[in-house]
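Trainee: Dumping the structure here so I can ask a few things about it.
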Amino acid sequence: LGAWSPVIAAADQVVVFAAASLTTALTQIETGFEAATGHDLVVSLGGSSALAQQIRQGAPADLFISASTDWMDALAADGLIAPGGRFDLLGNRLVLIAHGRDAARVAIGPGLDLAAHLGEGRLAMALVDAVPAGIYGKAALTHLGVWPALAPRVAQTDNVRAALALVALGEAPYGIVYATDANAQDNVTIIATFPPDSHPPITYPVAVLAGRGGAGVDAFVAYLRSDAARTILERQGFVALQP
Amino acid sequence: MLEVAITHDFGSFTLDAQFCAPPGVTVLFGRSGSGKTSLVHAVAGLLGPDQGRIAVEDWVLLDTRHSIALKPHRRRLGYIFQEGRLFPHLSVGQNLRYGAWFAPKDAPREDMGRIVDLLGLGALLDRRPGALSGGEKQRVAIGRALLSAPRLILADEPLAALDDARKAEILPYLERLRDEVKIPILYVSHSAAEVARLATTVIAIEAGRVIAQGPAAEVLGDPAVLPLGAREAGALITARVVGHHDDGLTELDATGIPLFLPKLVQAPGTVLRVRIAAHDVILSRNRPEGLSALNILPGVVRDLRTGAGPGAIVSVDTPAGRVLARITRRSAGALGLVPGVAVHAIVKSVSVAPGDVGAGSGLLA
Amino acid sequence: MLEVAITHDFGSFTLDAQFCAPPGVTVLFGRSGSGKTSLVHAVAGLLGPDQGRIAVEDWVLLDTRHSIALKPHRRRLGYIFQEGRLFPHLSVGQNLRYGAWFAPKDAPREDMGRIVDLLGLGALLDRRPGALSGGEKQRVAIGRALLSAPRLILADEPLAALDDARKAEILPYLERLRDEVKIPILYVSHSAAEVARLATTVIAIEAGRVIAQGPAAEVLGDPAVLPLGAREAGALITARVVGHHDDGLTELDATGIPLFLPKLVQAPGTVLRVRIAAHDVILSRNRPEGLSALNILPGVVRDLRTGAGPGAIVSVDTPAGRVLARITRRSAGALGLVPGVAVHAIVKSVSVAPGDVGAGSGLLA
Amino acid sequence: MTDWLGPEEWRAVALSLRVSFWATLFSLPMGILVAYALARWSFPGKQLVNGLVHLPLILPPVVTGYLLLLGFGTRGPIGGVLADWGIVLAFRWTGAALAAAIMAFPLMVRAIRLSIEAVDPRLEQAAATLGAAPFWVFVTVTLPMALPGIVAGTILAFAKAMGEFGATITFVSNIPGETRTIPSAIYAFLQVPGGEGSAMALVIVSVVVAMGALVLSEILARRVAARVGGA
Amino acid sequence: MTDWLGPEEWRAVALSLRVSFWATLFSLPMGILVAYALARWSFPGKQLVNGLVHLPLILPPVVTGYLLLLGFGTRGPIGGVLADWGIVLAFRWTGAALAAAIMAFPLMVRAIRLSIEAVDPRLEQAAATLGAAPFWVFVTVTLPMALPGIVAGTILAFAKAMGEFGATITFVSNIPGETRTIPSAIYAFLQVPGGEGSAMALVIVSVVVAMGALVLSEILARRVAARVGGA
Ligand SMILES: Nc1ncnc2c1ncn2[C@@H]1O[C@H](COP(=O)(O)OP(=O)(O)OP(=O)(O)O)[C@@H](O)[C@H]1O
Ligand SMILES: Nc1ncnc2c1ncn2[C@@H]1O[C@H](COP(=O)(O)OP(=O)(O)OP(=O)(O)O)[C@@H](O)[C@H]1O
Ligand SMILES: [Mg+2]
Ligand SMILES: [Mg+2]
């Protein structure tokens, strides 16, 4: 472990840099992992881009859990990932939400006239060129052929939670967010789920970083693949990809 | 008529003063720290006294019992501050015009050009106060107050920073202001010469209290009332201009006694006040002859006061009025001066300026 | 010996002055705006003149030709500013002690308690300058400068804001400072009385230039040199204390002529300067008898100057020195005063204070 | 150099200038009023006002943006009323200006307040004795004497408005041409691998603009100070 | 009320206080120096220094954080040198303090500079004639007279440091107990469903702390002003 660790106990300290959308899940996993193994887990939560930049600048992280494959690829290209240390942890679904508890469902297909539904209102999404949820959403709408019509009506936020908030408050009548976010939010209804083939697969890759490793890291990787972790992730609405 | 009656507690210092200021110049006279500036501040509304009433005629500026307290800007004052207080961001000209912007349209106004000339400010109009000398600043402050069309002028030692020549130029203007415009002027001064020359009424202050007040002639002429030491003693007498002589002298008539002064501007017939300072009078038992002094007043000793020092103040009743003389006890004894004795008061003519000893302008003897 | 020679261009105003100030008090005398404060600023290092040299003995404060310009804090000055400049965040006591913090350990120091008593500041030590009257502030400013163990004192109208009584208390202290401590004092004043009383040397300034300089007796005694109008004319003569009389008078001897003054503190044998203002002198052809004036100096008319006005200045050579008298042309004619004529100069004794007319402290005649 | 920044980015630059300009201009009178009140008046709730003014400084910008959304959104209590009058802030550049103004307000008020406090009250008294009512004393004496601080506060606010991101994107999101300011654009660039170059180009533009404003303000302030100085 | 905030959150509060305290304390001498230099000296490059000081205000915080990461990261040019001396800032609370200090610096400098400019130079001259060398003039006259502004600037900087988020999370990430300050914790809560309640609890804590500091500064400043006032 790096010089960073202020306390080197008998047990290892494992430092995980993780996308902020995993906050709740990782909090629960941390409790379980520490109880089960005696290792100390430290989780730093942030935007995938910021975390990746920090890893590039030598952040003392052992593992990186990204919300998109782009940044993981970029780190891999820089040689910052331990060979063979990468796997896809979980997936997510992209949903169309509407304001209110019981908005009418819509069918997603080539005939979807979202623009008509929107009327004067806005479609809330994360930044369509920058934030994963926005990128996936734009891909899906493009796939459906409605992007050119909708593009001027999109209100882009810096993260997907802010898009959710816009819909929850009724500032925007519709929004595109992850199913995990929408499930837990009052005052919004999932009115459709985008077909998985309408956008690139949503995966959260995990990687052990180059030069890191040891008993603690191995134990954590193993724990992530365990049923206990799987249960926690699925309870949050994620799709667990690793058996 | 300005009436002031206030009390205010500063903690370490208590102000408790009542006085009336009739039209003309009322001088507040007293030593440093006696409360003069505080009184003027109260009149201006810059100090809210604990209790009191201030009124100009029946226009009430302050009455704590009836919860009246006009804001300073409604009092229409021309306040010449002890420390100038010019607006640093305005030019001299703008400073001078400042008050006029706010004066009622119909208020009687002084002519800007005249005041500028009078105060010698012509070359300074475009400068900023930061680049003025101390005396220049004070002249601008005087001009600014005069040009604000005030109903009451407050002046806190306005001439202290000026040289005698400049003082001598400005004093006649203040005199004219006093005589021509019927606005009361409340004037703080340390200078006996200024007091004598300008004061209609004198208010003597000591430790926050009024210890003497009254017409200038009375307060300054009575050594018993005069609080500030015999140095300031002097008498004011009234005289009429008789005529102007070719050699530059003006002849006055003080109830039958001729007085000669350096040429005055007043027309024959004008009635004037002249001040005879006690320390400028020499007494003689015989009518002196062959002296360069032109003014000699016959009279009778009325009384004689001596103090702890070597001096004595002799009051002499002359046909022109009472005259005071400050002499030594030794001389009083040598001349046998007791009440009832006839004497001649020899007055150095230069001392008999228009009320003013210290700032007179001509040569004489 | 302070030597000053500077030129500086303010744009609208040019300073171009050379003078020497020998030990003692050098008074800069001139009307408002003539450049007095600017000169003092240059000596203090607050104004960097375009060109010039300033030195105290061989200690060079400024020499533009050799690129020497000591910073103000290295000049060891006690500067009494025209506008006080007290530190508002410090108490009066802290203001007074400020300079002492920075003075060299071995510098001769004034005693704090003595200065506090002298200036009447005892009750104010814990107050802040904001709660002081104008005169109180100025007294603190004087004390602060005196207590900084200076090698040169600069005073810019330090007494202008003070009443006569307070002036009369402080002046003797400045005199003692002048006489006992060998530090040059550069003193700006408008007041002829202060000048007469304190000045060793007088520098007359007009429009940025020195128009007359020299020993006080010479500059003030010569009406032709004196720039400021005949009002200020007067003569300084030297006299020795003979003794103190029971009736409170002190007898002086001015080269054989007895002079009587209100009681002085000086011990018999002390040599003093006394000032006889021209306007306090009456001339008589005969020796006058039976007058309350005690001081009569016989002499001979030396010359007689007349101007445009009604006045004349007569110089009289007496055994005690030259005395000036300001009389009317009419009197001069009536008495037949021409050079060579014998006259008696009658001097009102009160005028013969220790060099000082305006601020004398006793009663006399 | 037209291809140095794309048309999208130039739009962001233009928008940022517009937003910052109006944010500063509109908050100035309010800023002067509040600064004066805090400097010279005492009234009940003064500390509360003072606290409220500083709130945007203390809160994470996202929270401020969220609170703005709650209050000034189309459904918010204030936003609803304003919408009835035809004033819509949500998703408009006007909303971006509001967010920028609110974030910059504490800086503006602090600077102005300090310089108002530094105006000698004795000069204000002198103006009052010359007949100037309190409003005119303020306009003719206090305001011009405090001008250096007002200029400083204004430019500070402008600079802050140019850099504001968190509250703006949360409140009015990021709509190209309407609410996509320079910082939003920069943020977007930084989120994708390889976007640093474009982000830096925008950083340079915003630095140049803000520095220009800063230098201008220094020159202005110096000129003003020279006029006022040496009292 | 122990369960009102969890231990994690209390750690964030304690950390924020520590970070803000040291950030403010360390930047104060530098802030006074820079403010004095900008107020009273003229030197070549003055406008550059002025611009640099204001940079963090102009740039989006993320950019500032990014630049800090590049410069002060373990691989950065400055960070590398400092690391050789044993000073590590990256991903430490000390780095969070650096980020907070840099973000708060322009506010501090502006406030102090304004109040130094308001000190009457004639009083400084008077001190010089009384023998005080420039340093002592500064310590005995300029500094105490400018105290209200220094107090204001310090508290402003503290408040800003308490609220700083973008630069901090970008530079030193969001590591519990080390760099997770209140704003970072709020951010994390806002990223997950149901976290708003905890976020609000933290918002309240930070508002209370900053308001306390603010009220304290007002009282201090008023006391100081009363001492200095009425010159
Ligand atoms: N910074 C400046 N710029 C331009 N002119 C100035 C500046 N400072 C002073 N002056 C001018 O220089 C002249 C001399 O000023 P100074 O203050 O030396 O006069 P002073 O003799 O001390 O007058 P006073 O007796 O009124 O104090 C004045 O006319 C003044 O207006
Ligand atoms: N705010 C204040 N708090 C406490 N004492 C004060 C305050 N203002 C003035 N004083 C005191 O009140 C007294 C009167 O002050 P004031 O300024 O009225 O005197 P003054 O007669 O004008 O004196 P000067 O001739 O020296 O200007 C002084 O002793 C002064 O110290
Ligand atoms: Mg006074
Ligand atoms: Mg002067």
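Following the order of the structure tokens, chains are lettered A, B, ..., residues in each are numbered from 1, and ligands are numbered from 1.
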To check your reading of the model: which residues sit at most 9 Å from ligand 1 when counting only C-alpha atoms and all ligand atoms? Write the answer as number ranges by chain.

Mentor: B: 124, 127-139, 161-163; C: 9-15, 28-41, 82, 156-157, 188-190, 205-208; D: 230

Trainee: Put those residues in a file: N, CA and C atoms, as a CSV table (one decimal), in the first residue's frame.

Mentor:
chain,number,residue,atom,x,y,z
B,124,LEU,N,-8.4,79.1,-7.0
B,124,LEU,CA,-8.5,77.7,-6.5
B,124,LEU,C,-9.7,76.9,-6.9
B,127,ARG,N,-9.4,73.4,-8.1
B,127,ARG,CA,-8.6,72.5,-7.3
B,127,ARG,C,-9.4,71.6,-6.4
B,128,ARG,N,-8.8,70.6,-5.9
B,128,ARG,CA,-9.5,69.7,-4.9
B,128,ARG,C,-8.9,70.1,-3.5
B,129,PRO,N,-9.8,69.9,-2.5
B,129,PRO,CA,-9.3,70.4,-1.2
B,129,PRO,C,-8.0,69.7,-0.7
B,130,GLY,N,-7.7,68.5,-1.2
B,130,GLY,CA,-6.5,67.9,-0.9
B,130,GLY,C,-5.2,68.7,-1.2
B,131,ALA,N,-5.3,69.5,-2.2
B,131,ALA,CA,-4.1,70.3,-2.6
B,131,ALA,C,-4.2,71.7,-2.1
B,132,LEU,N,-4.9,72.0,-1.0
B,132,LEU,CA,-4.9,73.3,-0.5
B,132,LEU,C,-4.1,73.4,0.8
B,133,SER,N,-3.7,74.6,1.1
B,133,SER,CA,-3.1,74.8,2.4
B,133,SER,C,-4.1,74.9,3.5
B,134,GLY,N,-3.7,74.9,4.8
B,134,GLY,CA,-4.6,74.9,5.9
B,134,GLY,C,-5.6,76.1,5.8
B,135,GLY,N,-5.0,77.3,5.6
B,135,GLY,CA,-5.8,78.5,5.6
B,135,GLY,C,-6.7,78.5,4.4
B,136,GLU,N,-6.2,78.0,3.3
B,136,GLU,CA,-7.1,78.0,2.1
B,136,GLU,C,-8.3,77.1,2.3
B,137,LYS,N,-8.1,76.0,3.0
B,137,LYS,CA,-9.2,75.1,3.3
B,137,LYS,C,-10.3,75.8,4.1
B,138,GLN,N,-9.8,76.6,5.1
B,138,GLN,CA,-10.7,77.2,6.0
B,138,GLN,C,-11.5,78.3,5.3
B,139,ARG,N,-10.8,79.0,4.4
B,139,ARG,CA,-11.5,80.0,3.6
B,139,ARG,C,-12.6,79.4,2.8
B,161,ALA,N,-7.1,79.6,11.7
B,161,ALA,CA,-6.0,79.1,10.8
B,161,ALA,C,-5.6,80.2,9.9
B,162,LEU,N,-6.1,81.4,10.0
B,162,LEU,CA,-5.8,82.5,9.0
B,162,LEU,C,-4.8,83.5,9.6
B,163,ASP,N,-4.0,84.0,8.6
B,163,ASP,CA,-3.1,85.0,9.0
B,163,ASP,C,-3.8,86.4,9.3
C,9,ASP,N,8.2,72.1,-7.8
C,9,ASP,CA,7.2,72.7,-8.6
C,9,ASP,C,5.9,71.9,-8.4
C,10,PHE,N,4.9,72.6,-7.9
C,10,PHE,CA,3.6,72.0,-7.6
C,10,PHE,C,2.6,72.1,-8.9
C,11,GLY,N,3.2,72.7,-9.9
C,11,GLY,CA,2.3,73.0,-11.0
C,11,GLY,C,1.8,74.4,-10.9
C,12,SER,N,0.8,74.6,-10.1
C,12,SER,CA,0.2,75.9,-9.9
C,12,SER,C,1.0,76.8,-8.9
C,13,PHE,N,2.0,76.2,-8.3
C,13,PHE,CA,2.7,76.9,-7.2
C,13,PHE,C,4.1,76.4,-7.2
C,14,THR,N,5.1,77.3,-7.1
C,14,THR,CA,6.5,76.9,-7.0
C,14,THR,C,7.1,77.3,-5.7
C,15,LEU,N,7.8,76.3,-5.2
C,15,LEU,CA,8.5,76.6,-3.9
C,15,LEU,C,10.0,76.7,-4.3
C,28,LEU,N,8.8,80.4,10.6
C,28,LEU,CA,8.4,80.7,9.2
C,28,LEU,C,7.1,81.5,9.3
C,29,PHE,N,7.2,82.6,8.7
C,29,PHE,CA,6.1,83.6,8.8
C,29,PHE,C,5.6,84.0,7.4
C,30,GLY,N,4.4,83.9,7.2
C,30,GLY,CA,3.9,84.3,5.9
C,30,GLY,C,2.4,84.0,5.8
C,31,ARG,N,1.8,84.6,4.8
C,31,ARG,CA,0.3,84.4,4.7
C,31,ARG,C,-0.1,83.1,4.3
C,32,SER,N,-1.4,82.9,4.4
C,32,SER,CA,-2.0,81.6,4.1
C,32,SER,C,-1.7,81.2,2.6
C,33,GLY,N,-1.2,80.0,2.4
C,33,GLY,CA,-0.9,79.6,1.1
C,33,GLY,C,0.5,80.0,0.6
C,34,SER,N,1.3,80.5,1.4
C,34,SER,CA,2.6,81.0,1.0
C,34,SER,C,3.7,79.9,0.9
C,35,GLY,N,3.4,78.7,1.4
C,35,GLY,CA,4.3,77.6,1.3
C,35,GLY,C,5.0,77.2,2.6
C,36,LYS,N,4.5,77.6,3.7
C,36,LYS,CA,5.1,77.3,5.0
C,36,LYS,C,5.0,75.8,5.3
C,37,THR,N,3.8,75.3,5.1
C,37,THR,CA,3.6,73.8,5.4
C,37,THR,C,4.4,73.0,4.5
C,38,SER,N,4.5,73.4,3.2
C,38,SER,CA,5.2,72.6,2.2
C,38,SER,C,6.7,72.6,2.6
C,39,LEU,N,7.3,73.7,3.1
C,39,LEU,CA,8.6,73.7,3.5
C,39,LEU,C,8.9,72.8,4.6
C,40,VAL,N,8.0,72.8,5.6
C,40,VAL,CA,8.2,72.0,6.8
C,40,VAL,C,8.0,70.5,6.4
C,41,HIS,N,7.1,70.2,5.4
C,41,HIS,CA,7.0,68.8,4.9
C,41,HIS,C,8.3,68.4,4.3
C,82,GLN,N,-0.3,70.6,11.6
C,82,GLN,CA,-1.3,71.6,11.6
C,82,GLN,C,-2.7,71.0,12.0
C,156,ASP,N,3.8,73.2,13.2
C,156,ASP,CA,3.0,73.9,12.2
C,156,ASP,C,1.8,74.5,12.9
C,157,GLU,N,1.9,75.8,13.3
C,157,GLU,CA,0.8,76.5,14.0
C,157,GLU,C,0.3,75.7,15.1
C,188,VAL,N,6.0,77.3,12.5
C,188,VAL,CA,5.2,78.1,11.6
C,188,VAL,C,4.1,78.8,12.4
C,189,SER,N,4.0,80.1,12.2
C,189,SER,CA,3.0,80.8,12.9
C,189,SER,C,2.5,82.0,12.2
C,190,HIS,N,1.2,82.3,12.5
C,190,HIS,CA,0.6,83.5,11.9
C,190,HIS,C,0.7,84.7,13.0
C,205,ILE,N,8.1,84.3,4.3
C,205,ILE,CA,7.9,83.6,3.1
C,205,ILE,C,6.7,84.3,2.4
C,206,GLU,N,6.9,84.4,1.1
C,206,GLU,CA,5.8,85.0,0.3
C,206,GLU,C,5.8,84.2,-1.1
C,207,ALA,N,4.7,83.6,-1.4
C,207,ALA,CA,4.5,82.9,-2.7
C,207,ALA,C,5.7,81.9,-2.9
C,208,GLY,N,6.0,81.2,-1.9
C,208,GLY,CA,7.0,80.2,-2.1
C,208,GLY,C,8.5,80.6,-2.0
D,230,GLY,N,-6.2,62.4,-0.7
D,230,GLY,CA,-5.5,63.5,-0.1
D,230,GLY,C,-6.5,64.5,0.5

Trainee: According to DSSP computed on the backbone, where in segment 138-356 of chain B is there alpha helix (DSSP H)? Give the residues as a PyMOL selection string.

Mentor: chain B and resi 138-146+164-180+192-198+216-221+329-335

Trainee: When distances are computed from only C-alpha atoms and all ligand atoms, which of C:Ile313, C:Ala141, C:Gly256, C:Ala123 shows the smallest separation from ligand 2?

Mentor: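 Nearest to ligand 2: C:Ala123.
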
Trainee: For Arg153 of chain A, work out the shell of residues within 8 Å, counting only C-alpha atoms and skipping chain neighbours fewer than 2 positions away, then give it as a list in words.

Mentor: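 Once the adjacent positions are removed, what remains is Gly121, Arg122, Leu123, Leu150, Ala151 and Ala155 of chain A.
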
Trainee: Calculated over only C-alpha atoms, which of the candidates A:Glu30, A:Asp186, A:Asp88, A:Asp129 has the smallest distance to chain E?

Mentor: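 Selected residue with least distance to chain E: A:Asp186.
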
Trainee: May I have a table of the residues of chain A lying at most 9 Å from chain D, giving each one's closest pair of atoms and their distance in Å to one decimal, counting only C-alpha atoms, ordered by chain and ascending residue number, as CSV?

Mentor:
residue,atom,partner,partner_atom,distance
A:Gly47,CA,D:Gln191,CA,8.3
A:Ser48,CA,D:Gln191,CA,8.0
A:Ser49,CA,D:Gln191,CA,5.2
A:Ala50,CA,D:Gln191,CA,7.6
A:Asp70,CA,D:Pro193,CA,7.1
A:Trp71,CA,D:Pro193,CA,6.4
A:Ala74,CA,D:Pro193,CA,6.7
A:Arg122,CA,D:Phe91,CA,8.6
A:Ala124,CA,D:Ser173,CA,8.6
A:Leu127,CA,D:Ala188,CA,6.9
A:Val128,CA,D:Ala188,CA,8.9
A:Asp129,CA,D:Ala188,CA,7.1
A:Ala130,CA,D:Gln191,CA,5.1
A:Val131,CA,D:Gln191,CA,6.5
A:Pro152,CA,D:Ile175,CA,7.6
A:Arg153,CA,D:Ile175,CA,8.1
A:Val154,CA,D:Ile175,CA,6.9
A:Ala155,CA,D:Ile175,CA,5.5
A:Gln156,CA,D:Asn174,CA,4.7
A:Thr157,CA,D:Ser173,CA,5.0
A:Asp158,CA,D:Ile169,CA,6.7
A:Ala162,CA,D:Thr170,CA,6.5
A:Ala163,CA,D:Ser173,CA,8.5
A:Ala165,CA,D:Tyr66,CA,8.7
A:Leu166,CA,D:Leu69,CA,8.3
A:Leu169,CA,D:Arg75,CA,7.6
A:Gly170,CA,D:Arg75,CA,7.0
A:Glu171,CA,D:Thr74,CA,6.3

Trainee: Where does DSSP see strand (DSSP E) in segment 13-214 of chain A, if you list the residues as an MDAnalysis selection string?

Mentor: chainID A and resid 13:19 40:46 63:65 81:91 94:99 123:126 154:157 174:178 188:193 203:209

Trainee: Tell me the residues of chain E close to chain C, meaning within 12 Å using only C-alpha atoms, as JSON, numbers by chain.

Mentor: {"E": [119, 120, 121, 122, 123, 124, 125, 126, 127, 128, 129, 130, 131, 132, 133, 134, 135, 136, 137, 140, 141, 142, 143, 144, 145, 146, 147, 148, 223, 224, 225, 226, 227, 228, 229, 230, 231]}

Trainee: Which one of D:Ile182, D:Met103, D:Ala37, D:Leu202 sits closest to Leu59 of chain D if you count only C-alpha atoms?

Mentor: D:Met103

Trainee: Excluding segment 204-216 of chain E and any residue of its chain fewer than 3 positions from it, enumerate the residues within 10 Å of it, using only C-alpha atoms, and give them as an NGL selection string.

Mentor: (:D and (47-48 or 50-52 or 54-60)) or (:E and (5 or 10 or 13 or 16-17 or 151-152 or 154-156 or 158-163 or 182-183 or 198-201 or 219-222))

Trainee: Can you tell me, as a list in words, what residues are no more than 8 Å from Leu28 of chain E when counting only C-alpha atoms, ignoring any on the same chain fewer than 3 positions away?

Mentor: Thr24, Leu25, Gly31, Ile32, Met108 and Thr154 of chain E

Trainee: Keeping C-alpha atoms, export the residues of the selection given above as a PDB file, in the first residue's frame.

Mentor:
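Dumped to again_21.pdb:
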ATOM      1  CA  THR E  24      -7.928  30.725   6.941  1.00  0.00           C
ATOM      2  CA  LEU E  25      -5.112  30.898   9.444  1.00  0.00           C
ATOM      3  CA  GLY E  31      -3.499  37.772   2.452  1.00  0.00           C
ATOM      4  CA  ILE E  32      -2.453  40.787   4.481  1.00  0.00           C
ATOM      5  CA  MET E 108      -9.863  37.839   1.868  1.00  0.00           C
ATOM      6  CA  THR E 154     -11.018  36.533   7.560  1.00  0.00           C
TER       7      THR E 154
END
